[in-house]
Amino acid sequence: MIARFLGAVGAWLRRSVQDLGFAVRSFFIIIASSGGLWRRPRLVIEQLFFIGNRSLVITAVSGLFVGMVLGLQGYYTLTTYGAEQSLGLLVALSLTRELGPVVTALLFAGRAGTSLTAEIGLMKAGEQLSAMEMMAVNPVERVLAPRFWAGVIAMPILGAIFTAVGIIGSYLVGVVLIGVDEGSFWSQMQSGVDVWKEVGNGTLKSLVFGIAVTFIALFQGYQAQPTPEDVSGATTRTVVISSLMVWWLDFMMTALMFSK
Amino acid sequence: MQSVAFYNKLSDFRFISVVFFPLTGMPKGASQQSLAFLHYNTPLKKMSFVVPNLVEIRDLHFAYGERSILSGLQMDFPRGKVVAVMGGSGSGKTTVLRLIGGQLRPSAGTVNVDGQIVHALDTKQLYQMRRKMGMLFQHGALFTDLTAFENVAFPLREHTDLNEELIRTLVLMKLQAVGLRNAAQLKPGEISGGMGRRVALARAIALDPELIMYDEPFAGLDPISMGVTANLIRNLNDALGSTSILVSHDVKECFAIADYVYFLSSGKIVAHGTPAEMAVSTHPYVKQFVNAEADGPVPFHYPGKSLADDLGLHAGAGR
């Protein structure tokens, strides 16, 4: 009984380590296969359009509403202390440090990650990747690498857009609708938000999330068995794994970046 | 005397003269230069140092984990010939193609393509070797987001620096050869399965490969498309001077166009010979296969318990 339990734990552990090793190896293979993209930047630009541009609306709309809600909730809380002038600072800090990168990454996983996984999975199911191999075109170079870099480039930009639109949203609610003093809204934000500490770290977070989410989406698609149930399973796994990964990475990075 | 390199350079364009012009007639206003070009382009003599077999398979074993797929294959695919590999579903035919293409690694034995052992090559060399190959996948495997034109242009764009005008000419010629020049702007979803297969064929021959592999080219085609495809395979092979491997279970079409036939059953070669020899073969498997008999060495039922056991008809005897 105990032996069997220990055996199961051991097998699970071994499989996990093996899977992790395989994923890390695949990650470096994608990086190593990216050299050719300098000669053909068009491949990345095309994907940047598909991945980035098509995620723009959902990102901006979400940013607007998150900002508006934040402005409203922030105002309610701050008025109890008579500190509603700090609304701009509060909103800007929460958006640049946390909400911008994290919520964008979650949206990105749902909007772009799933479509990447499904696309690659179906290309595999339709033998398109096999056909590419037989045409002496390496699918890792031609299909995975451009999508990976497009995701890595798109994510920080989307994060920045989310944050900017969010601040506009809170301005609309806080200043235009409720009537918080506009001067202190912006000036407190300007003096309290540091370019490197807040904006820089927020962008770095976005970049790391972009790498993680895009890689997980591509890896799940590429590893999916070419069947309908496994492609749909891989799409689900993309969202689940990348969301958990984003939370975990966020916690780790916050602990490292913002410790006093 | 012309160098070998010179002939090789010319041979890149064999397709133009041999397939295209006979189909279309000479283009109007063909210049003196192009006529001279055609003159050089008469079918090339094989160089004496060339190995006679383009592909040689020796003692090849392959298994998925514990499950053995192929055991001890010996096959030769001579240059310039159409060789059919026949057998029932699950006999390992497609696996042979994937081993030749280097997409799978054998458990033992060797696959030799043009003097190179496939699984001994590193990734770069493998991709180099695949440039000599074209493969037609069972379901075409066209890129669904690209038009027929762009599908055929894909290998040209990936592997050559030809300008847009030349690519257009080459692609339209390939599509002309498969009768689908006017479908160039349609996407795979907008054409029938048989037409899709022909576009895939045009794509497979885009770079005039030395070796063309066909995976079930006749499966799911109507009789007319089937005949057209069969003739196309034979004509392309002869026009390009390439070697074709034809994996199929369609006896009539294969026997009509193949020079040699291998019969594969349960991962072993059970018989081989010319189509004429195979047609009169007394080998029980070949006989059953060629004549499509229900009874023979290939059982109808998946092996396992007998029906009587499954229904418990012997239960009384044990009590």
# chains A, B, ... in the order shown; residues from 1 in each chain; ligands from 1
call {"tool": "interface_residues", "arguments": {"of": "chain B", "to": "chain A", "cutoff": "8 Å", "atoms": "only C-alpha atoms", "output": "PyMOL selection string"}}
result
chain B and resi 101+127-131+133-135+137+139+141-143+155+158+204
call {"tool": "residues_around", "arguments": {"residues": "Ile168 (chain A)", "least_positions_apart": "2", "cutoff": "12 Å", "atoms": "only C-alpha atoms", "output": "PyMOL selection string"}}
result
chain A and resi 60-61+63-71+88+91-92+95+161-166+170-176+185-186
call {"tool": "atom_distance", "arguments": {"atom1": "CA of Asp238 (chain B)", "atom2": "CA of Pro78 (chain B)"}}
result
13.2 Å
call {"tool": "atom_distance", "arguments": {"atom1": "CA of Arg111 (chain A)", "atom2": "CA of Ile58 (chain A)"}}
result
8.3 Å
call {"tool": "closest_atom_pairs", "arguments": {"of": "region 28-129 of chain A", "to": "region 19-23 of chain A", "cutoff": "12 Å", "atoms": "only C-alpha atoms", "output": "CSV"}}
result
residue,atom,partner,partner_atom,distance
A:Phe28,CA,A:Ala23,CA,8.8
A:Ile29,CA,A:Ala23,CA,9.7
A:Ile30,CA,A:Ala23,CA,10.6
call {"tool": "write_last_selection", "arguments": {"atoms": "N, CA and C atoms", "output": "short mmCIF file (atom, residue, chain, number, x, y, z; two decimals), in the first residue's frame"}}
result
data_model
loop_
_atom_site.label_atom_id
_atom_site.label_comp_id
_atom_site.auth_asym_id
_atom_site.auth_seq_id
_atom_site.Cartn_x
_atom_site.Cartn_y
_atom_site.Cartn_z
N PHE A 28 13.99 26.86 -25.50
CA PHE A 28 15.28 27.28 -26.05
C PHE A 28 15.39 26.95 -27.53
N ILE A 29 14.71 25.90 -27.96
CA ILE A 29 14.72 25.58 -29.40
C ILE A 29 14.04 26.71 -30.18
N ILE A 30 12.93 27.22 -29.63
CA ILE A 30 12.25 28.33 -30.32
C ILE A 30 13.17 29.56 -30.38
#
call {"tool": "atom_distance", "arguments": {"atom1": "CA of Leu180 (chain B)", "atom2": "CA of Leu201 (chain B)"}}
result
11.0 Å
call {"tool": "residues_around", "arguments": {"residues": "Gly88 (chain B)", "least_positions_apart": "5", "cutoff": "8 Å", "atoms": "only C-alpha atoms", "output": "PDB file with N, CA and C atoms, in the first residue's frame"}}
result
ATOM      1  N   HIS B 249      -3.853   1.438 -51.798  1.00  0.00           N
ATOM      2  CA  HIS B 249      -4.456   0.109 -51.791  1.00  0.00           C
ATOM      3  C   HIS B 249      -5.373  -0.051 -53.002  1.00  0.00           C
ATOM      4  N   LEU B 264       2.744  -5.248 -48.733  1.00  0.00           N
ATOM      5  CA  LEU B 264       3.095  -5.154 -47.322  1.00  0.00           C
ATOM      6  C   LEU B 264       1.922  -5.680 -46.509  1.00  0.00           C
ATOM      7  N   SER B 265       2.224  -6.558 -45.552  1.00  0.00           N
ATOM      8  CA  SER B 265       1.165  -7.012 -44.656  1.00  0.00           C
ATOM      9  C   SER B 265       1.745  -7.177 -43.265  1.00  0.00           C
TER      10      SER B 265
END
call {"tool": "residues_around", "arguments": {"residues": "Trp38 (chain A)", "least_positions_apart": "6", "cutoff": "12 Å", "atoms": "only C-alpha atoms", "output": "PDB file with N, CA and C atoms, in the first residue's frame"}}
result
ATOM      1  N   VAL A  44       7.114  38.181 -38.620  1.00  0.00           N
ATOM      2  CA  VAL A  44       6.745  38.646 -37.278  1.00  0.00           C
ATOM      3  C   VAL A  44       5.686  39.738 -37.380  1.00  0.00           C
ATOM      4  N   ILE A  45       5.868  40.625 -38.360  1.00  0.00           N
ATOM      5  CA  ILE A  45       4.924  41.750 -38.484  1.00  0.00           C
ATOM      6  C   ILE A  45       3.509  41.238 -38.767  1.00  0.00           C
ATOM      7  N   GLU A 141      10.772  27.193 -37.012  1.00  0.00           N
ATOM      8  CA  GLU A 141      11.261  28.480 -37.521  1.00  0.00           C
ATOM      9  C   GLU A 141      10.170  29.281 -38.202  1.00  0.00           C
ATOM     10  N   ALA A 145       8.306  30.381 -34.134  1.00  0.00           N
ATOM     11  CA  ALA A 145       9.153  31.515 -33.753  1.00  0.00           C
ATOM     12  C   ALA A 145       8.506  32.880 -34.073  1.00  0.00           C
ATOM     13  N   PRO A 146       7.948  33.086 -35.273  1.00  0.00           N
ATOM     14  CA  PRO A 146       7.338  34.401 -35.526  1.00  0.00           C
ATOM     15  C   PRO A 146       6.187  34.705 -34.568  1.00  0.00           C
ATOM     16  N   TRP A 149       7.615  35.676 -31.024  1.00  0.00           N
ATOM     17  CA  TRP A 149       8.146  37.031 -30.900  1.00  0.00           C
ATOM     18  C   TRP A 149       7.044  38.063 -31.054  1.00  0.00           C
TER      19      TRP A 149
END
call {"tool": "residues_around", "arguments": {"residues": "Gly189 (chain B)", "least_positions_apart": "2", "cutoff": "12 Å", "atoms": "only C-alpha atoms", "output": "PDB file with C-alpha atoms, in the first residue's frame"}}
result
ATOM      1  CA  GLY B 140      -3.577  17.115 -49.251  1.00  0.00           C
ATOM      2  CA  ALA B 141      -2.429  19.017 -46.154  1.00  0.00           C
ATOM      3  CA  LEU B 142      -2.878  22.315 -47.954  1.00  0.00           C
ATOM      4  CA  PHE B 143      -2.464  25.492 -45.944  1.00  0.00           C
ATOM      5  CA  THR B 144      -6.065  26.426 -45.406  1.00  0.00           C
ATOM      6  CA  ASP B 145      -5.366  30.133 -44.979  1.00  0.00           C
ATOM      7  CA  LEU B 146      -3.650  30.442 -48.365  1.00  0.00           C
ATOM      8  CA  THR B 147      -5.055  30.335 -51.892  1.00  0.00           C
ATOM      9  CA  ALA B 148      -4.167  27.516 -54.268  1.00  0.00           C
ATOM     10  CA  ALA B 183      -8.643  27.851 -59.714  1.00  0.00           C
ATOM     11  CA  GLN B 185      -7.240  32.240 -56.544  1.00  0.00           C
ATOM     12  CA  LEU B 186      -9.530  29.812 -54.691  1.00  0.00           C
ATOM     13  CA  LYS B 187      -8.864  28.720 -51.154  1.00  0.00           C
ATOM     14  CA  ILE B 191     -12.556  23.508 -54.021  1.00  0.00           C
ATOM     15  CA  SER B 192     -13.466  19.823 -53.888  1.00  0.00           C
ATOM     16  CA  GLY B 193     -11.322  17.197 -52.194  1.00  0.00           C
ATOM     17  CA  GLY B 194     -10.086  15.813 -55.508  1.00  0.00           C
ATOM     18  CA  MET B 195      -9.103  19.268 -56.730  1.00  0.00           C
ATOM     19  CA  GLY B 196      -7.407  19.967 -53.407  1.00  0.00           C
TER      20      GLY B 196
END
call {"tool": "residues_around", "arguments": {"residues": "Lys174 (chain B)", "least_positions_apart": "6", "cutoff": "8 Å", "atoms": "only C-alpha atoms", "output": "list in words"}}
result
Val152, Ala202, Arg203, Ile205 and Ala206 of chain B
call {"tool": "select_by_dssp", "arguments": {"residues": "region 64-229 of chain B", "states": "strand (DSSP E)", "output": "mmCIF file with C-alpha atoms, in the first residue's frame"}}
result
data_model
loop_
_atom_site.group_PDB
_atom_site.id
_atom_site.type_symbol
_atom_site.label_atom_id
_atom_site.label_comp_id
_atom_site.auth_asym_id
_atom_site.auth_seq_id
_atom_site.Cartn_x
_atom_site.Cartn_y
_atom_site.Cartn_z
ATOM 1 C CA TYR B 64 5.696 2.636 -31.640
ATOM 2 C CA ARG B 67 3.846 -2.168 -30.802
ATOM 3 C CA SER B 68 5.894 -3.351 -33.754
ATOM 4 C CA ILE B 69 4.880 -1.686 -37.044
ATOM 5 C CA LEU B 70 7.571 -2.757 -39.493
ATOM 6 C CA SER B 71 9.936 -5.676 -39.233
ATOM 7 C CA GLY B 72 12.856 -6.441 -41.493
ATOM 8 C CA LEU B 73 11.935 -4.572 -44.669
ATOM 9 C CA GLN B 74 14.197 -4.738 -47.718
ATOM 10 C CA MET B 75 13.115 -2.474 -50.527
ATOM 11 C CA ASP B 76 14.711 -0.815 -53.539
ATOM 12 C CA PHE B 77 13.356 2.179 -55.376
ATOM 13 C CA PRO B 78 15.261 2.515 -58.657
ATOM 14 C CA VAL B 82 7.220 4.391 -60.207
ATOM 15 C CA VAL B 83 7.162 1.879 -57.379
ATOM 16 C CA ALA B 84 3.928 1.051 -55.599
ATOM 17 C CA VAL B 85 3.774 -0.042 -51.983
ATOM 18 C CA MET B 86 0.478 -1.798 -51.430
ATOM 19 C CA ALA B 108 16.892 -0.763 -36.451
ATOM 20 C CA GLY B 109 18.097 -0.915 -40.025
ATOM 21 C CA THR B 110 18.739 1.847 -42.526
ATOM 22 C CA VAL B 111 17.003 4.012 -45.081
ATOM 23 C CA ASN B 112 19.392 5.256 -47.711
ATOM 24 C CA VAL B 113 18.306 8.145 -49.904
ATOM 25 C CA GLN B 116 22.849 9.219 -47.488
ATOM 26 C CA ILE B 117 21.541 7.362 -44.452
ATOM 27 C CA MET B 133 11.711 15.293 -51.992
ATOM 28 C CA GLY B 134 8.113 16.121 -52.622
ATOM 29 C CA MET B 135 5.310 14.482 -50.745
ATOM 30 C CA LEU B 136 1.624 14.336 -51.414
ATOM 31 C CA LEU B 211 11.760 11.807 -55.301
ATOM 32 C CA ILE B 212 8.002 12.183 -55.128
ATOM 33 C CA MET B 213 6.085 10.273 -52.487
ATOM 34 C CA TYR B 214 2.363 9.787 -52.741
ATOM 35 C CA ASP B 215 0.367 8.781 -49.687
#
call {"tool": "closest_residue", "arguments": {"among": "B:Ala153, B:Ile100, B:Phe62, B:Gly179", "to": "Glu165 (chain B)", "atoms": "only C-alpha atoms"}}
result
B:Ala153
call {"tool": "select_by_dssp", "arguments": {"residues": "region 120-290 of chain B", "states": "helix (DSSP H, G or I)", "output": "count of residues only"}}
result
90
